[in-house]
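First up is the structure itself, then whatever we jot down about it.
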Amino acid sequence: MRYSGFKVIKEALTGHKGWKSTWRDPEQQSHYDIIIIGGGGHGLATAHYLAKVYGEKKVAVLEKGWIGGGNVGRNTTIIRSNYLLDGNEPFYEISLKLWEGLEQDLNYNAMVSQRGIMNLIHSDAQRDAFVRRGNAMMLNGADAEYLDLDQIKKEYPFLNFDDARFPIKGGLAQRRGGTVRHDAVAWGYARSADGNGVDIIQNCEVTGFRIENGKCLGVETSRGFIGATKVGCAVAGSSGRLMAKANMRLPIESHVLQAFVSEGLKPVLPGVITFGAGHFYVSQSDKGGLVFGGDLDGYNSYAQRGNLPVVEDVCEGGMAIMPMIGRARLLRMWGGIMDMSMDGSPIIDRTHIDGLYFNGGWCYGGFKATPASGFAFAHLLAKDEPHETATAYRFDRFEKGRMIDEKGMGNQPNLH
Amino acid sequence: MIINHPLLGPRDSAEFVYLGDANLIERPDPEAETAAREFYEYAYLRDNPAGEHRELWFHEAGDRSWLVVTRNTLTHEISDVQMARDVARSKGRSK
C-alpha cells in the first residue's frame, strides 16, 4: 500500500477502514540467505537495501525486543557530514545524500529537515581547525560555510557572545545538515524492507551462533535454531555481548550517553548548535522541545541510564552558551548504550569466521550514519567486498596502525 | 555513584577519572616473541562484559591513587574497591 495525499483524503471520507498493518508479523522460516541481527536503524536499513538494491530474496531481521526500541529511538536526531578524515567524510557525505532522498525512496514521511548545523568557534586555533575541516568537507563534495560573528549574531541573537572563557568568534556551518524524526526512520525502513519481502521477526533473541569448522551456519534463538548462509550483526551498544557468543573480543567498549528534552516551547532555535568547547549541543524538535546533550558519563555501562554529575555538566554547558535555556523546564532525560570504538570510527567488515559479518563501533554518531551504514553493510553482505565509501572500516586497522581518529585521542574510547 | 576508597572512605565518583578495564595494569612482556600480537590485544581489544567489570579509576581530585573497582555494568553497583598497587603487588609486580 503506497501512502499519498489522495489516500489520506480517501480514508478520511470512508472511516479509516482501509489502513493495513505497516509490516507483517511473519513466522520464521528454517533457513535464510541472510540474517540480520538487530532490528534497529542500521539493521532495518541493511535489510531495505539488501532487498531493494541488491535483490536479495530470503532475508530476515531478528530483533530481541521490538524494532526501533534501541538507539534509533534514543538519539538526538541530528544528521550532518562534517568530518575531517578521508576514511570518514565520503561515507558520511553519501549518508547525507541518502537522507536527502530517503522519503521518496521509502514512500514514508521521516520529517527530514535540513535546517542546518553550526559548530561554534572560540579561539584562533579552533578557527584554523574548523576552516581546515570545512575545506576537507568541500573537497569531498559536502557543503561547508564559515560564519563570522555578525552572521551568527543575526541568526542566533540569544547566544552568550561575550562569555569570559569561551567568547564566540565564529562558526562552521553545514546548511544541508539538520534533523530527522528518528522513530519514523526505523518504521519507514521496516515498512519498505517488509514490502520487499524481508521477514522482520520481533521478540526473537539470538542466544548463540552455530559455528562449525570456522563457518557460521546460523543462529540459536529464543525461538529455536534458524539457519543462514550469511549472518550480519548490527546491534550497536550490545556488540560486545553478542560477539562474545562467537568468542570474539572487539575493539569496543559500551558506554552510556544521556540526552535531554525540555518542555515544548514556541520556535526559538532555527537549526542545530554545537558548543564543543563546553560539551553541549542543542536543537529544537518540531513539537517544540529543546533537545540537547553533552558528554558520555565516561564509564562502561549497559544500563541505559546515567548519573547526575553529567546532568549537571550538560546543563552548565547550556547555561554558559545559551542562558535563556535556564527558563525552560526539563521534561525528560534518558540514556542509551554507545558502542565506543578504540579510534572513534566504526567497523563494517567480515569477521574471521566464514559467513559472519559485523557492523558496529558507531560511538555516538550512529544515527546520522544509518542510511550509509545500511547501504554499505548490504553491499558487503551481498557482494562480499566493502562498499567504496567504507573501505577503511576494517577490523585489522588497529593492528596495522591505520586508525581513523578524528580527534587524535588514541585508544581511549570515553574520550572520542 | 559512590566509590568506597580503601584509605579515604566513601567518595563521589565525580572526583575520579575513569581509565577502563583493569587488565590495563597487566602490560605484556615487550621482550616476548609474540609481543606485537600481545600488545595489539592489550591496547585495543576488550572483554566489555554486561555484568561484573573490574576497572581502573584514578582519584584525580583526591589522593591521586589508582583504584581497581569491581562494578556491575548493568546496575552500576560497586561490590569491591582495592588499591591498584595492592593488586599489582599481590601478583608479584612492583615492590
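All residue names refer to the C-alpha cells as shown: chains lettered A, B, ... in order, residues numbered from 1 in each chain, ligands numbered from 1 in order.
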Range 396-407 of chain A: which residues within 6 Å, counting only C-alpha atoms, same-chain residues fewer than 5 positions away excluded, as a PyMOL selection string? (chain A and resi 343-344) or (chain B and resi 40)
Tell me as a list of chain:residue names which residues belonging to chain B come within 6 Å of chain A, counting only C-alpha atoms. B:Tyr40, B:Tyr44, B:Leu45, B:Arg46, B:Asp47, B:Asn48, B:Thr73, B:Leu74
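For Ala84 in chain B, the residues within 8 Å (counting only C-alpha atoms, excluding itself and residues fewer than 4 positions away along the chain) are Leu56, Ser65, Trp66, Leu67, Val68 and Ala88 of chain B.
Near Phe16 in chain B, within 10 Å and counting only C-alpha atoms, sit Ile3, Arg11, Asp12, Leu56, Trp57, Phe58, His59, Glu60, Ala61, Gly62, Arg64, Ser65, Trp66 and Leu67 of chain B; same-chain residues fewer than 4 positions away were not included.
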Could you save those same residues with C-alpha atoms as a PDB file, in the first residue's frame?
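So out30.pdb came out as:
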```pdb
ATOM      1  CA  ILE B   3      33.277   4.767  45.425  1.00  0.00           C
ATOM      2  CA  ARG B  11      33.884   9.458  47.804  1.00  0.00           C
ATOM      3  CA  ASP B  12      31.762  10.838  44.940  1.00  0.00           C
ATOM      4  CA  LEU B  56      40.675   1.347  36.871  1.00  0.00           C
ATOM      5  CA  TRP B  57      39.685   4.669  38.437  1.00  0.00           C
ATOM      6  CA  PHE B  58      42.159   7.469  39.250  1.00  0.00           C
ATOM      7  CA  HIS B  59      41.397   9.696  42.253  1.00  0.00           C
ATOM      8  CA  GLU B  60      42.397  12.883  40.467  1.00  0.00           C
ATOM      9  CA  ALA B  61      40.617  15.308  42.812  1.00  0.00           C
ATOM     10  CA  GLY B  62      41.751  13.388  45.879  1.00  0.00           C
ATOM     11  CA  ARG B  64      45.803  10.670  43.250  1.00  0.00           C
ATOM     12  CA  SER B  65      45.846   6.941  43.853  1.00  0.00           C
ATOM     13  CA  TRP B  66      44.753   4.352  41.298  1.00  0.00           C
ATOM     14  CA  LEU B  67      41.946   2.011  42.342  1.00  0.00           C
TER      15      LEU B  67
END
```
With distances taken over only C-alpha atoms, the candidate from B:Leu8, B:Gly92, B:Asn72, B:Ile2 nearest Pro49 in chain B is B:Asn72
Run DSSP on the backbone and grab whatever in chain B lands in strand (DSSP E); send it over as a count of residues only. 33
Could you check how far CA of Val261 in chain A sits from CA of Leu331 in chain A, in Å to one decimal? 5.7 Å
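Minimum atom-to-atom distances from A:Met138, A:Ala45, A:Val53, A:Leu149 to Ala186 in chain A were compared using only C-alpha atoms, and the lowest value belongs to A:Ala45.
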I want to know what sits within 7 Å of Asp21 in chain B, based on only C-alpha atoms, with residues of the same chain fewer than 3 positions away left out; could you give that as a VMD selection string? chain B and resid 24 54 to 56
Nearest to Asp150 in chain A: which of A:Ile168, A:Leu269, A:Ala51, A:Ile36 is it, counting only C-alpha atoms?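 So, comparing all the options, the nearest one is A:Ile168.
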Using only C-alpha atoms, find the one residue out of B:Ala50, B:Ala14, B:Ala22, B:Ala32 that sits nearest to Arg85 in chain B.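 Closest to Arg85 in chain B, using only C-alpha atoms: B:Ala22.
Excluding range 79-81 of chain B and any residue on its chain fewer than 5 positions from it, the residues at most 7 Å away by only C-alpha atoms are Asn4, His5, Pro6, Leu67, Val68, Val69, Thr70 and Arg71 of chain B.
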Could you save the residues just selected, with N, CA and C atoms, as a compact mmCIF listing (two decimals), in the first residue's frame?
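Wrote it out as result.txt, contents follow:
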```txt
# COMPACT_ATOMS: atom_id res chain seq x y z
N ASN B 4 33.86 3.57 47.43
CA ASN B 4 34.35 3.43 48.79
C ASN B 4 35.87 3.26 48.78
N HIS B 5 36.58 4.37 48.82
CA HIS B 5 38.04 4.38 48.74
C HIS B 5 38.64 3.65 49.94
N PRO B 6 39.58 2.71 49.73
CA PRO B 6 40.12 1.93 50.86
C PRO B 6 40.79 2.81 51.91
N LEU B 67 42.74 3.05 41.70
CA LEU B 67 41.95 2.01 42.34
C LEU B 67 41.49 0.98 41.32
N VAL B 68 41.36 -0.28 41.78
CA VAL B 68 40.69 -1.30 40.98
C VAL B 68 39.29 -1.47 41.57
N VAL B 69 38.29 -1.07 40.82
CA VAL B 69 36.91 -1.09 41.27
C VAL B 69 36.18 -2.22 40.56
N THR B 70 35.46 -3.06 41.33
CA THR B 70 34.61 -4.08 40.71
C THR B 70 33.18 -3.56 40.73
N ARG B 71 32.62 -3.39 39.52
CA ARG B 71 31.34 -2.70 39.39
C ARG B 71 30.48 -3.47 38.39
```
Can you pull out the residues contacting range 6-21 of chain A? Cut-off 12 Å, using only C-alpha atoms, and skip same-chain residues under 4 positions away; I want them as a PyMOL selection string. chain A and resi 1-2+25+187+190-191+194-195
DSSP helix (DSSP H, G or I) residues within range 151-224 of chain A, listed as a CSV table (one decimal) with N, CA and C atoms, in the first residue's frame:
```
chain,number,residue,atom,x,y,z
A,151,GLN,N,27.3,37.4,11.3
A,151,GLN,CA,26.3,36.4,10.8
A,151,GLN,C,25.7,35.6,11.9
A,152,ILE,N,26.5,35.2,12.8
A,152,ILE,CA,25.9,34.4,13.9
A,152,ILE,C,25.0,35.2,14.8
A,153,LYS,N,25.4,36.5,15.0
A,153,LYS,CA,24.6,37.4,15.9
A,153,LYS,C,23.2,37.6,15.2
A,154,LYS,N,23.2,37.6,13.9
A,154,LYS,CA,21.9,37.8,13.2
A,154,LYS,C,21.1,36.5,13.2
A,155,GLU,N,21.7,35.3,13.1
A,155,GLU,CA,20.9,34.1,13.1
A,155,GLU,C,20.6,33.6,14.5
A,182,HIS,N,13.4,10.4,14.3
A,182,HIS,CA,14.2,9.2,14.4
A,182,HIS,C,13.3,7.9,14.4
A,183,ASP,N,12.2,7.9,15.1
A,183,ASP,CA,11.4,6.7,15.1
A,183,ASP,C,10.9,6.4,13.7
A,184,ALA,N,10.5,7.5,12.9
A,184,ALA,CA,10.0,7.3,11.6
A,184,ALA,C,11.0,6.6,10.7
A,185,VAL,N,12.3,6.8,11.0
A,185,VAL,CA,13.4,6.2,10.2
A,185,VAL,C,13.3,4.7,10.3
A,186,ALA,N,13.2,4.2,11.6
A,186,ALA,CA,13.1,2.8,11.8
A,186,ALA,C,11.8,2.3,11.2
A,187,TRP,N,10.7,3.0,11.4
A,187,TRP,CA,9.4,2.5,10.8
A,187,TRP,C,9.4,2.5,9.3
A,188,GLY,N,10.0,3.5,8.7
A,188,GLY,CA,10.0,3.6,7.3
A,188,GLY,C,10.8,2.5,6.6
A,189,TYR,N,12.0,2.3,7.2
A,189,TYR,CA,12.9,1.2,6.7
A,189,TYR,C,12.2,-0.1,6.9
A,190,ALA,N,11.6,-0.3,8.0
A,190,ALA,CA,10.9,-1.6,8.3
A,190,ALA,C,9.8,-1.8,7.3
A,191,ARG,N,9.0,-0.8,7.1
A,191,ARG,CA,7.9,-1.0,6.2
A,191,ARG,C,8.4,-1.3,4.7
A,192,SER,N,9.4,-0.6,4.3
A,192,SER,CA,9.9,-0.8,3.0
A,192,SER,C,10.6,-2.2,2.9
A,193,ALA,N,11.4,-2.6,3.9
A,193,ALA,CA,12.0,-3.9,3.8
A,193,ALA,C,10.9,-5.0,3.8
A,194,ASP,N,9.9,-4.9,4.7
A,194,ASP,CA,8.8,-5.8,4.7
A,194,ASP,C,8.1,-5.9,3.4
A,195,GLY,N,7.9,-4.7,2.8
A,195,GLY,CA,7.2,-4.7,1.5
A,195,GLY,C,8.0,-5.4,0.4
```
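Coordinates place CA of Leu102 in chain A at a distance of 11.7 Å from CA of Tyr49 in chain A.
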Expressed in Å to a single decimal, how great is the separation between CA of Ala144 in chain A and CA of Leu96 in chain A? 13.2 Å
